[in-house]
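Q: Encoded as structure tokens, here's the structure I'll be asking about.
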Amino acid sequence: MSELAEQLPDVPTLLAQLDQASYLADEPLGTALFLAARMGQPILLEGEPGVGKTEAAKALAEVLDTPLIRLQCYEGLTSAEALYEWNYPRQLLAIRLAEARGESPREADLFSDDYLLNDRSSRRLITLGRARPSCSSMRWTVATTSSRRSSSSC
């Protein structure tokens, strides 16, 4: 049995843990959060401002003992733009240096960690877990460690 399965064996256990985290969820929401966490899939929570979407993400992060990372999204933003910021001038310089040596740079080399800019706080998602972002208006991601994936809510 996996660590997550032991931690969250069923919906009533998750509901009790959310209650301990000061979040009161009904059974349908608890079931959706349970399935998202156990299946390692994101979840989209919709609703008017103030109904508790963010608090659900905070409580789930607390229950899973994992960081909560906020990612501001907007129309047209892709996951590549949100998660990665490449150092294009450095990549171009590497291409030109390779060409000057009569070599052809490998794509895997140009898109390695050496060419990522480090100022993206969302880069922690890659370090902490396997993120599967998709953006709508605002995304809160619960990044998980080891074999678990991220759960998300908007």
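The chains in the structure tokens are called A, B, ... from first to last as shown; in each chain the residues are counted from 1, and the ligands are counted from 1 in the order shown.
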Tell me which protein, DNA and RNA residues are within 10 Å of Leu15 in chain A, counting only C-alpha atoms, leaving out same-chain ones fewer than 5 positions away, and put them as number ranges by chain.
A: A: 8, 10, 20-21, 23-27, 29-31, 33-34, 63
Q: Skipping near chain neighbours, those fewer than 4 positions away, what residues fall within 10 Å of Tyr88 in chain A using only C-alpha atoms, listed as a list in words?
A: Leu92, Leu93, Ala94, Leu110, Tyr115, Leu116 and Leu117 of chain A
Q: Between CA of Arg38 in chain A and CA of Leu4 in chain A, what is the spacing in Å?
A: 6.9 Å
